[in-house]
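Asker: See start-v6.txt below, with compact mmCIF, C-alpha atoms and all ligand atoms.
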# COMPACT_ATOMS: atom_id res chain seq x y z
CA MET A 121 68.66 -69.86 -16.96
CA LEU A 122 65.78 -67.38 -17.00
CA SER A 123 66.99 -65.81 -13.74
CA LYS A 124 70.16 -64.81 -15.60
CA PHE A 125 68.08 -62.34 -17.56
CA ARG A 126 65.82 -61.20 -14.70
CA TYR A 127 68.04 -58.26 -13.66
CA PRO A 128 68.54 -56.74 -17.15
CA VAL A 129 64.85 -57.28 -18.02
CA ASN A 130 63.68 -55.66 -14.75
CA LEU A 131 66.19 -52.85 -15.27
CA ILE A 132 64.84 -52.10 -18.75
CA LYS A 133 61.21 -52.32 -17.54
CA SER A 134 61.91 -49.94 -14.66
CA ARG A 135 63.40 -47.38 -17.08
CA LEU A 136 60.44 -47.33 -19.51
CA SER A 137 58.57 -44.76 -17.40
CA TYR A 138 61.35 -42.15 -17.74
CA PRO A 139 62.02 -39.67 -20.59
CA LEU A 140 64.41 -40.94 -23.28
CA HIS A 141 67.17 -38.46 -22.43
CA VAL A 142 67.21 -39.76 -18.82
CA ASP A 143 67.44 -43.35 -20.13
CA PHE A 144 70.28 -42.31 -22.43
CA LEU A 145 72.21 -40.60 -19.60
CA SER A 146 71.57 -43.62 -17.40
CA CYS A 147 73.17 -45.91 -20.03
CA VAL A 148 76.18 -43.60 -20.30
CA SER A 149 76.50 -43.65 -16.50
CA PHE A 150 76.21 -47.47 -16.45
CA LEU A 151 79.07 -47.79 -18.92
CA PHE A 152 81.40 -44.97 -17.89
CA GLY A 153 80.03 -43.31 -14.74
CA SER A 154 81.69 -42.61 -11.40
CA ILE A 155 80.22 -44.19 -8.25
CA LYS A 156 78.30 -40.99 -7.52
CA SER A 157 76.79 -40.98 -11.00
CA ARG A 158 75.95 -44.72 -10.90
CA ILE A 159 74.11 -44.16 -7.61
CA LYS A 160 72.30 -41.15 -9.05
CA TYR A 161 71.04 -43.31 -11.95
CA ASP A 162 70.32 -46.43 -9.80
CA ASN A 163 72.91 -48.40 -11.72
CA TYR A 164 73.64 -50.85 -8.92
CA ARG A 165 71.68 -54.10 -8.75
CA LEU A 166 70.71 -53.57 -5.08
CA ALA A 167 70.36 -49.80 -5.34
CA HIS A 168 69.13 -49.22 -1.77
CA TYR A 169 72.37 -50.56 -0.28
CA ALA A 170 74.45 -48.44 -2.65
CA TYR A 171 72.45 -45.30 -1.85
CA GLY A 172 72.35 -45.97 1.92
CA VAL A 173 76.07 -46.63 2.26
CA TYR A 174 77.06 -43.73 0.00
CA GLU A 175 74.73 -41.19 1.58
CA GLY A 176 75.68 -42.34 5.10
CA ALA A 177 79.38 -41.98 4.29
CA ARG A 178 78.81 -38.62 2.60
CA ARG A 179 76.96 -37.25 5.64
CA ALA A 180 79.70 -38.56 7.93
CA LYS A 181 82.38 -36.89 5.84
CA GLU A 182 80.48 -33.59 6.02
CA LEU A 183 80.57 -33.92 9.83
CA GLY A 184 84.34 -34.54 9.74
CA LEU A 185 84.07 -38.22 10.71
CA LYS A 186 86.78 -40.57 9.46
CA GLU A 187 85.05 -43.90 10.07
CA ILE A 188 81.50 -45.28 10.06
CA THR A 189 79.56 -48.52 10.51
CA VAL A 190 76.88 -49.83 8.16
CA ILE A 191 74.71 -52.77 9.22
CA GLU A 192 72.59 -55.54 7.70
CA PHE A 193 70.21 -57.13 10.22
CA GLY A 194 69.06 -60.47 8.78
CA VAL A 195 71.70 -61.99 6.55
CA ALA A 196 70.38 -65.46 5.51
CA ASN A 197 72.71 -66.59 2.71
CA GLY A 198 74.34 -63.17 2.47
CA ARG A 199 73.05 -61.80 -0.83
CA GLY A 200 72.45 -58.32 0.62
CA LEU A 201 75.44 -58.34 2.96
CA LEU A 202 77.82 -59.21 0.16
CA ALA A 203 76.42 -56.42 -2.05
CA MET A 204 76.68 -53.97 0.84
CA ALA A 205 80.29 -55.02 1.45
CA LEU A 206 81.32 -54.64 -2.20
CA TYR A 207 79.66 -51.23 -2.51
CA ALA A 208 81.22 -50.13 0.82
CA ASP A 209 84.67 -51.05 -0.47
CA LYS A 210 84.25 -48.84 -3.56
CA ILE A 211 82.61 -45.99 -1.62
CA GLU A 212 85.36 -46.03 1.04
CA LYS A 213 87.96 -45.48 -1.70
CA ASP A 214 85.86 -42.78 -3.36
CA LEU A 215 84.98 -40.70 -0.27
CA GLY A 216 87.95 -41.49 1.96
CA VAL A 217 85.75 -42.55 4.91
CA LYS A 218 86.56 -45.96 6.44
CA ILE A 219 83.46 -48.16 6.33
CA ASN A 220 82.99 -51.13 8.66
CA VAL A 221 80.25 -53.51 7.49
CA LEU A 222 78.48 -55.66 10.10
CA GLY A 223 75.97 -58.43 9.37
CA TYR A 224 73.87 -59.94 12.18
CA ASP A 225 71.96 -63.21 12.02
CA SER A 226 71.25 -66.24 14.20
CA GLY A 227 72.26 -68.48 11.28
CA GLU A 228 69.24 -70.65 12.15
CA GLY A 229 66.59 -68.94 10.04
CA MET A 230 63.47 -67.30 11.44
CA PRO A 231 62.82 -67.85 15.17
CA GLN A 232 59.46 -68.99 16.58
CA THR A 233 56.69 -66.58 15.60
CA ALA A 234 55.13 -64.76 18.56
CA GLY A 235 51.54 -64.22 17.44
CA TYR A 236 49.85 -62.15 14.76
CA LYS A 237 52.31 -59.23 15.17
CA ASP A 238 55.03 -61.33 13.51
CA HIS A 239 52.94 -61.92 10.34
CA PRO A 240 52.84 -65.74 10.64
CA GLU A 241 50.68 -65.69 7.49
CA ILE A 242 53.78 -64.56 5.53
CA TYR A 243 56.84 -65.78 7.51
CA ALA A 244 57.34 -69.06 9.40
CA THR A 245 59.76 -70.54 11.93
CA GLY A 246 62.94 -71.85 10.27
CA ASP A 247 62.55 -69.91 6.99
CA PHE A 248 65.74 -68.52 5.39
CA PRO A 249 68.44 -70.50 7.24
CA MET A 250 72.10 -69.77 6.53
CA GLN A 251 73.21 -72.81 4.55
CA ASP A 252 76.99 -72.58 4.65
CA ARG A 253 78.28 -70.15 7.27
CA ASN A 254 81.96 -70.93 6.68
CA LYS A 255 81.72 -70.42 2.94
CA LEU A 256 79.90 -67.13 3.45
CA ILE A 257 82.59 -65.91 5.87
CA TYR A 258 85.22 -67.01 3.33
CA ILE A 259 83.73 -64.98 0.46
CA LEU A 260 83.04 -61.81 2.51
CA PRO A 261 85.59 -59.00 1.97
CA LYS A 262 87.90 -57.90 4.80
CA ASN A 263 85.76 -54.84 5.61
CA THR A 264 82.91 -57.12 6.77
CA GLU A 265 82.15 -59.06 9.92
CA LEU A 266 79.38 -61.62 10.24
CA ILE A 267 78.11 -61.75 13.82
CA ILE A 268 76.07 -64.77 14.78
CA MET A 269 73.59 -63.92 17.52
CA ASP A 270 69.93 -64.13 18.43
CA LEU A 271 68.90 -60.50 18.17
CA ILE A 272 65.97 -61.00 20.55
CA LYS A 273 68.28 -62.17 23.33
CA SER A 274 71.49 -60.16 22.76
CA ASP A 275 72.81 -56.59 22.71
CA TRP A 276 74.10 -56.00 19.18
CA THR A 277 75.67 -52.62 20.02
CA ALA A 278 78.60 -54.24 21.91
CA SER A 279 80.55 -54.65 18.64
CA LEU A 280 80.29 -50.99 17.50
CA LYS A 281 83.54 -49.06 17.03
CA ALA A 282 82.36 -46.19 14.81
CA PRO A 283 79.10 -44.25 14.32
CA VAL A 284 76.26 -46.09 12.59
CA ALA A 285 75.43 -44.28 9.34
CA PHE A 286 73.13 -46.79 7.60
CA ILE A 287 71.06 -49.74 8.83
CA SER A 288 69.19 -52.26 6.70
CA ILE A 289 66.54 -54.16 8.68
CA ASP A 290 65.50 -57.39 6.97
CA VAL A 291 64.38 -59.60 9.87
CA ASP A 292 60.70 -59.71 8.81
CA TYR A 293 59.16 -60.06 12.31
CA TYR A 294 57.87 -57.42 14.70
CA SER A 295 59.54 -59.23 17.63
CA SER A 296 63.01 -59.22 16.05
CA THR A 297 62.70 -55.61 14.83
CA ILE A 298 61.54 -54.17 18.17
CA ALA A 299 64.45 -55.97 19.89
CA ILE A 300 66.93 -54.36 17.46
CA LEU A 301 65.37 -50.89 17.81
CA HIS A 302 65.34 -51.15 21.61
CA TYR A 303 69.15 -50.77 21.65
CA LEU A 304 68.95 -47.53 19.66
CA THR A 305 67.19 -45.90 22.63
CA ALA A 306 70.21 -45.70 24.92
CA LEU A 307 73.03 -45.90 22.36
CA ASN A 308 75.44 -43.00 22.93
CA SER A 309 74.64 -40.29 20.35
CA THR A 310 78.32 -40.21 19.30
CA LEU A 311 77.73 -43.71 17.86
CA LEU A 312 75.00 -42.39 15.56
CA LEU A 313 74.71 -39.68 12.93
CA PRO A 314 72.30 -36.82 13.70
CA ASN A 315 70.13 -38.60 11.11
CA THR A 316 71.07 -42.22 10.52
CA LEU A 317 69.50 -43.81 7.44
CA ILE A 318 67.34 -46.92 7.87
CA TYR A 319 66.06 -49.26 5.14
CA LEU A 320 63.01 -51.29 6.23
CA ASP A 321 62.70 -54.28 3.94
CA ASP A 322 59.38 -55.80 5.00
CA ILE A 323 56.81 -53.03 4.73
CA MET A 324 55.45 -53.00 1.17
CA MET A 325 53.35 -56.16 0.79
CA ALA A 326 49.55 -56.02 0.92
CA ASN A 327 49.44 -57.39 4.49
CA HIS A 328 52.08 -55.03 5.90
CA ASN A 329 50.64 -52.30 8.11
CA PRO A 330 51.45 -50.19 11.22
CA TYR A 331 49.77 -52.74 13.55
CA GLN A 332 52.06 -55.67 12.67
CA GLY A 333 55.63 -56.38 11.63
CA GLU A 334 58.45 -53.87 11.15
CA LEU A 335 56.05 -50.90 10.91
CA LEU A 336 54.52 -51.70 14.32
CA ALA A 337 58.01 -51.86 15.83
CA VAL A 338 58.72 -48.36 14.45
CA GLU A 339 55.41 -47.03 15.88
CA GLU A 340 56.22 -48.44 19.32
CA PHE A 341 59.81 -47.19 19.22
CA ASN A 342 58.59 -43.67 18.46
CA ALA A 343 55.94 -43.78 21.20
CA ALA A 344 58.54 -44.87 23.76
CA ASN A 345 61.23 -42.29 22.85
CA ASN A 346 61.09 -38.50 23.06
CA LEU A 347 64.50 -37.73 21.57
CA ARG A 348 64.92 -40.53 19.02
CA LYS A 349 62.34 -40.79 16.24
CA ILE A 350 62.22 -42.99 13.14
CA VAL A 351 60.50 -41.10 10.33
CA ASP A 352 59.61 -41.99 6.73
CA PHE A 353 62.19 -40.37 4.43
CA SER A 354 60.65 -41.44 1.11
CA LYS A 355 58.79 -38.21 0.31
CA VAL A 356 61.84 -36.00 0.79
CA LEU A 357 64.12 -38.48 -0.94
CA ARG A 358 61.81 -38.91 -3.94
CA SER A 359 61.77 -35.15 -4.49
CA THR A 360 65.56 -35.26 -4.95
CA ARG A 361 65.84 -38.39 -7.13
CA LEU A 362 65.95 -38.31 -10.91
CA LEU A 363 64.59 -41.90 -11.06
CA ALA A 364 61.82 -41.07 -8.61
CA ASN A 365 59.68 -44.18 -9.33
CA ALA A 366 62.22 -46.65 -7.96
CA PRO A 367 60.39 -48.90 -5.43
CA TRP A 368 63.30 -48.93 -2.94
CA ILE A 369 62.67 -45.25 -2.15
CA ASN A 370 59.45 -46.28 -0.33
CA HIS A 371 61.54 -48.29 2.16
CA MET A 372 63.83 -45.46 3.29
CA TYR A 373 63.50 -44.03 6.81
CA GLN A 374 65.73 -41.94 9.04
CA LEU A 375 66.47 -42.18 12.75
CA HIS A 376 66.45 -38.56 13.93
CA VAL A 377 68.75 -38.29 16.92
CA LEU A 378 67.40 -35.18 18.59
CA ASP A 379 69.85 -35.43 21.50
CA HIS A 380 72.83 -35.39 19.08
CA LYS A 381 75.28 -32.52 19.68
CA VAL A 382 74.83 -31.30 16.09
CA ARG A 383 71.07 -30.92 16.60
CA ASN A 384 71.53 -28.77 19.68
CA GLU A 385 74.02 -26.13 18.56
CA GLU A 386 73.53 -23.23 16.16
CA TYR A 387 75.15 -24.15 12.87
CA ARG A 388 76.93 -20.76 12.54
CA SER A 389 79.40 -19.45 15.11
CA PRO A 390 78.57 -15.93 16.44
CA ASP A 391 81.70 -14.39 14.85
CA GLU A 392 80.62 -15.43 11.32
CA PRO A 393 78.38 -12.92 9.50
CA PRO A 394 74.67 -13.85 9.36
CA HIS A 395 73.14 -15.08 6.11
CA ILE A 396 71.27 -12.35 4.23
CA LEU A 397 68.30 -13.03 1.93
CA SER A 398 68.44 -10.80 -1.15
CA ASN A 399 65.57 -8.82 -2.64
CA LYS A 400 66.39 -6.91 -5.83
CA TYR A 401 63.44 -4.50 -5.33
CA LEU A 402 65.09 -3.11 -2.19
CA LYS A 403 68.08 -1.85 -4.19
C1 LIG B 1 64.56 -62.55 4.82
S1 LIG B 1 65.98 -63.16 5.60
C2 LIG B 1 67.23 -61.98 5.23
C3 LIG B 1 67.58 -61.93 3.78
C4 LIG B 1 68.86 -61.20 3.49
N1 LIG B 1 68.82 -59.82 3.93
C5 LIG B 1 69.24 -61.24 2.02
O1 LIG B 1 69.70 -60.21 1.49
O2 LIG B 1 69.09 -62.27 1.38
C6 LIG B 1 65.64 -62.86 7.30
C7 LIG B 1 66.77 -63.28 8.22
O3 LIG B 1 66.56 -62.72 9.50
C8 LIG B 1 67.11 -63.57 10.47
N2 LIG B 1 66.48 -63.29 11.76
C9 LIG B 1 65.17 -63.03 12.00
N3 LIG B 1 64.98 -62.84 13.32
C10 LIG B 1 66.19 -62.96 13.92
C11 LIG B 1 66.63 -62.86 15.27
N4 LIG B 1 65.80 -62.62 16.28
N5 LIG B 1 67.95 -63.02 15.52
C12 LIG B 1 68.82 -63.26 14.51
N6 LIG B 1 68.46 -63.39 13.22
C13 LIG B 1 67.15 -63.23 12.92
C14 LIG B 1 66.82 -64.97 9.94
O4 LIG B 1 67.77 -65.89 10.44
C15 LIG B 1 66.89 -64.79 8.43
O5 LIG B 1 68.11 -65.23 7.94
Reformat the file's structure so that it appears as structure tokens.
Answerer:
Amino acid sequence: MLSKFRYPVNLIKSRLSYPLHVDFLSCVSFLFGSIKSRIKYDNYRLAHYAYGVYEGARRAKELGLKEITVIEFGVANGRGLLAMALYADKIEKDLGVKINVLGYDSGEGMPQTAGYKDHPEIYATGDFPMQDRNKLIYILPKNTELIIMDLIKSDWTASLKAPVAFISIDVDYYSSTIAILHYLTALNSTLLLPNTLIYLDDIMMANHNPYQGELLAVEEFNAANNLRKIVDFSKVLRSTRLLANAPWINHMYQLHVLDHKVRNEEYRSPDEPPHILSNKYLK
């Protein structure tokens, strides 16, 4: 019963730190706003999925792409995947970019921990099993595919048809995360955006640190790759957000694909005039 009120209570608490006019505009957006405005005011329950899918699709559209993929690694009972799928459906209609949603999970819950790097003090073998796979598949919208696989043993990129614009990683362990990231090393750059957004779920508890868990996997990925780098996006993102205290911002990263065509060509063709910076004192 109490959990029924948890979302509205948390929503109100999270808004107390903002000026009243922002709270007022946020209420107006909640009641009457477009998707863009609802994302601006964090008016979706799982705001990081809404932002990630929208921003990924927006970037893709800017590049002239017609279709993208967004991914949830670690599905459990599908709370996040379902939210991602519902937001993707609305965003697809709004931006006119086709969005394929993929969810990957073993269905068995957490695999065997492999030492301290997997944070066995927080996560344990068998946690978070998928309880009713068929029912979950039944309730997922048509834009979404649930792929059952052990991510440590299998290549998840085989099912990709369109560039990956947003990835949510919620597999808790170092060993599962490094296995996922490994396949980003050799993935053809046409199957990525020049900067693909990544949400890292398991990085903000007191025990999380760059020597264990998802953060260690990112450190090792970066050390092993010269032209693909995963970098914290929270500082840049916070500077652009009206509701800059939202905790999800701290989880946002980007995969910078330095070998992407877009990152290796001048943005302006030589026959276009150069940009001029004005200075009124020179007039
Ligand atoms: C915390 S749960 C995910 C919660 C989910 N994102 C949600 O919104 O409720 C972590 C999930 O990661 C999955 N997982 C962890 N390591 C995996 C691996 N190597 N292969 C496949 N699934 C894995 C587990 O089965 C578990 O369901």
Asker: Please, which residues are within 8 Å of (75.4, -62.4, 10.8) by the file's coordinates, counting only C-alpha atoms, and could they come as a PDB file with C-alpha atoms, in the frame of the given file?
Answerer:
ATOM      1  CA  PHE A 193      70.210 -57.130  10.220  1.00  0.00           C
ATOM      2  CA  GLY A 194      69.060 -60.470   8.780  1.00  0.00           C
ATOM      3  CA  VAL A 195      71.700 -61.990   6.550  1.00  0.00           C
ATOM      4  CA  ALA A 196      70.380 -65.460   5.510  1.00  0.00           C
ATOM      5  CA  LEU A 222      78.480 -55.660  10.100  1.00  0.00           C
ATOM      6  CA  GLY A 223      75.970 -58.430   9.370  1.00  0.00           C
ATOM      7  CA  TYR A 224      73.870 -59.940  12.180  1.00  0.00           C
ATOM      8  CA  ASP A 225      71.960 -63.210  12.020  1.00  0.00           C
ATOM      9  CA  SER A 226      71.250 -66.240  14.200  1.00  0.00           C
ATOM     10  CA  GLY A 227      72.260 -68.480  11.280  1.00  0.00           C
ATOM     11  CA  GLU A 265      82.150 -59.060   9.920  1.00  0.00           C
ATOM     12  CA  LEU A 266      79.380 -61.620  10.240  1.00  0.00           C
ATOM     13  CA  ILE A 267      78.110 -61.750  13.820  1.00  0.00           C
ATOM     14  CA  ILE A 268      76.070 -64.770  14.780  1.00  0.00           C
ATOM     15  CA  MET A 269      73.590 -63.920  17.520  1.00  0.00           C
TER      16      MET A 269
END
Asker: Do you have the atom CA of Ala180 of chain A-atom CA of Val356 of chain A distance handy?
Answerer: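 It comes out at 19.4 Å.
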Asker: For atom CA of Leu378 of chain A and atom CA of Ser274 of chain A, quote the distance in Å rounded to one decimal.
Answerer: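 Here the two named atoms are 25.7 Å from each other.
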Asker: Write out as JSON, numbers by chain each polymer residue whose atoms come within 9 Å of Val284 of chain A, counting only C-alpha atoms; drop sequence neighbours fewer than 5 positions from it.
Answerer: {"A": [176, 188, 189, 190, 191, 311, 312, 313, 316, 317]}
Asker: What are the closest atom pairs, with distances in Å to one decimal, for all residues of chain A lying within 7 Å of ligand LIG 1 (chain B)? Consider all atoms listed in the file, order rows by chain and residue number, and present the result as a Markdown table.
Answerer:
| residue | atom | partner | partner_atom | distance |
| --- | --- | --- | --- | --- |
| A:Glu192 | CA | B:LIG1 | N1 | 6.8 |
| A:Phe193 | CA | B:LIG1 | O3 | 6.7 |
| A:Gly194 | CA | B:LIG1 | O3 | 3.4 |
| A:Val195 | CA | B:LIG1 | C4 | 4.2 |
| A:Ala196 | CA | B:LIG1 | O5 | 3.3 |
| A:Asn197 | CA | B:LIG1 | O2 | 5.8 |
| A:Gly198 | CA | B:LIG1 | O2 | 5.4 |
| A:Arg199 | CA | B:LIG1 | O1 | 4.4 |
| A:Gly200 | CA | B:LIG1 | O1 | 3.4 |
| A:Leu201 | CA | B:LIG1 | O1 | 6.2 |
| A:Tyr224 | CA | B:LIG1 | C12 | 6.5 |
| A:Asp225 | CA | B:LIG1 | N6 | 3.7 |
| A:Ser226 | CA | B:LIG1 | C12 | 3.9 |
| A:Gly227 | CA | B:LIG1 | O4 | 5.3 |
| A:Glu228 | CA | B:LIG1 | O4 | 5.3 |
| A:Gly229 | CA | B:LIG1 | O4 | 3.3 |
| A:Met230 | CA | B:LIG1 | C14 | 4.3 |
| A:Pro231 | CA | B:LIG1 | N3 | 5.8 |
| A:Asp247 | CA | B:LIG1 | C15 | 6.9 |
| A:Phe248 | CA | B:LIG1 | O5 | 4.8 |
| A:Pro249 | CA | B:LIG1 | O5 | 5.3 |
| A:Met250 | CA | B:LIG1 | O5 | 6.2 |
| A:Met269 | CA | B:LIG1 | C12 | 5.7 |
| A:Asp270 | CA | B:LIG1 | N5 | 3.7 |
| A:Leu271 | CA | B:LIG1 | N5 | 3.8 |
| A:Ile272 | CA | B:LIG1 | N4 | 4.6 |
| A:Asp290 | CA | B:LIG1 | N1 | 5.1 |
| A:Val291 | CA | B:LIG1 | O3 | 3.8 |
| A:Asp292 | CA | B:LIG1 | C6 | 6.1 |
| A:Tyr293 | CA | B:LIG1 | N3 | 6.5 |
| A:Ser296 | CA | B:LIG1 | N4 | 4.4 |
Asker: Compile the contact shell of Asp143 of chain A as a list in words: residues with an atom at most 12 Å away, counting all atoms listed in the file, same-chain residues fewer than 2 positions apart removed.
Answerer: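 Skipping anything fewer than 2 positions along the chain leaves Leu131, Ile132, Lys133, Ser134, Arg135, Leu136, Ser137, Tyr138, Pro139, Leu140, His141, Leu145, Ser146, Cys147, Val148, Ser149, Phe150, Tyr161, Asp162, Asn163, Leu362 and Leu363 of chain A.
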Asker: So how far away is atom CA of Val173 of chain A from atom CA of Ile155 of chain A, in Å?
Answerer: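 According to the coordinates, atom CA of Ile155 of chain A and atom CA of Val173 of chain A are separated by 11.6 Å.
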Asker: From the list A:Asn327, A:Asn384, A:Gln374, A:Asn130, which residue is nearest Asp352 of chain A when using all atoms listed in the file?
Answerer: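 Of A:Asn327, A:Asn384, A:Gln374, A:Asn130, the one nearest Asp352 of chain A, counting all atoms listed in the file, is A:Gln374.
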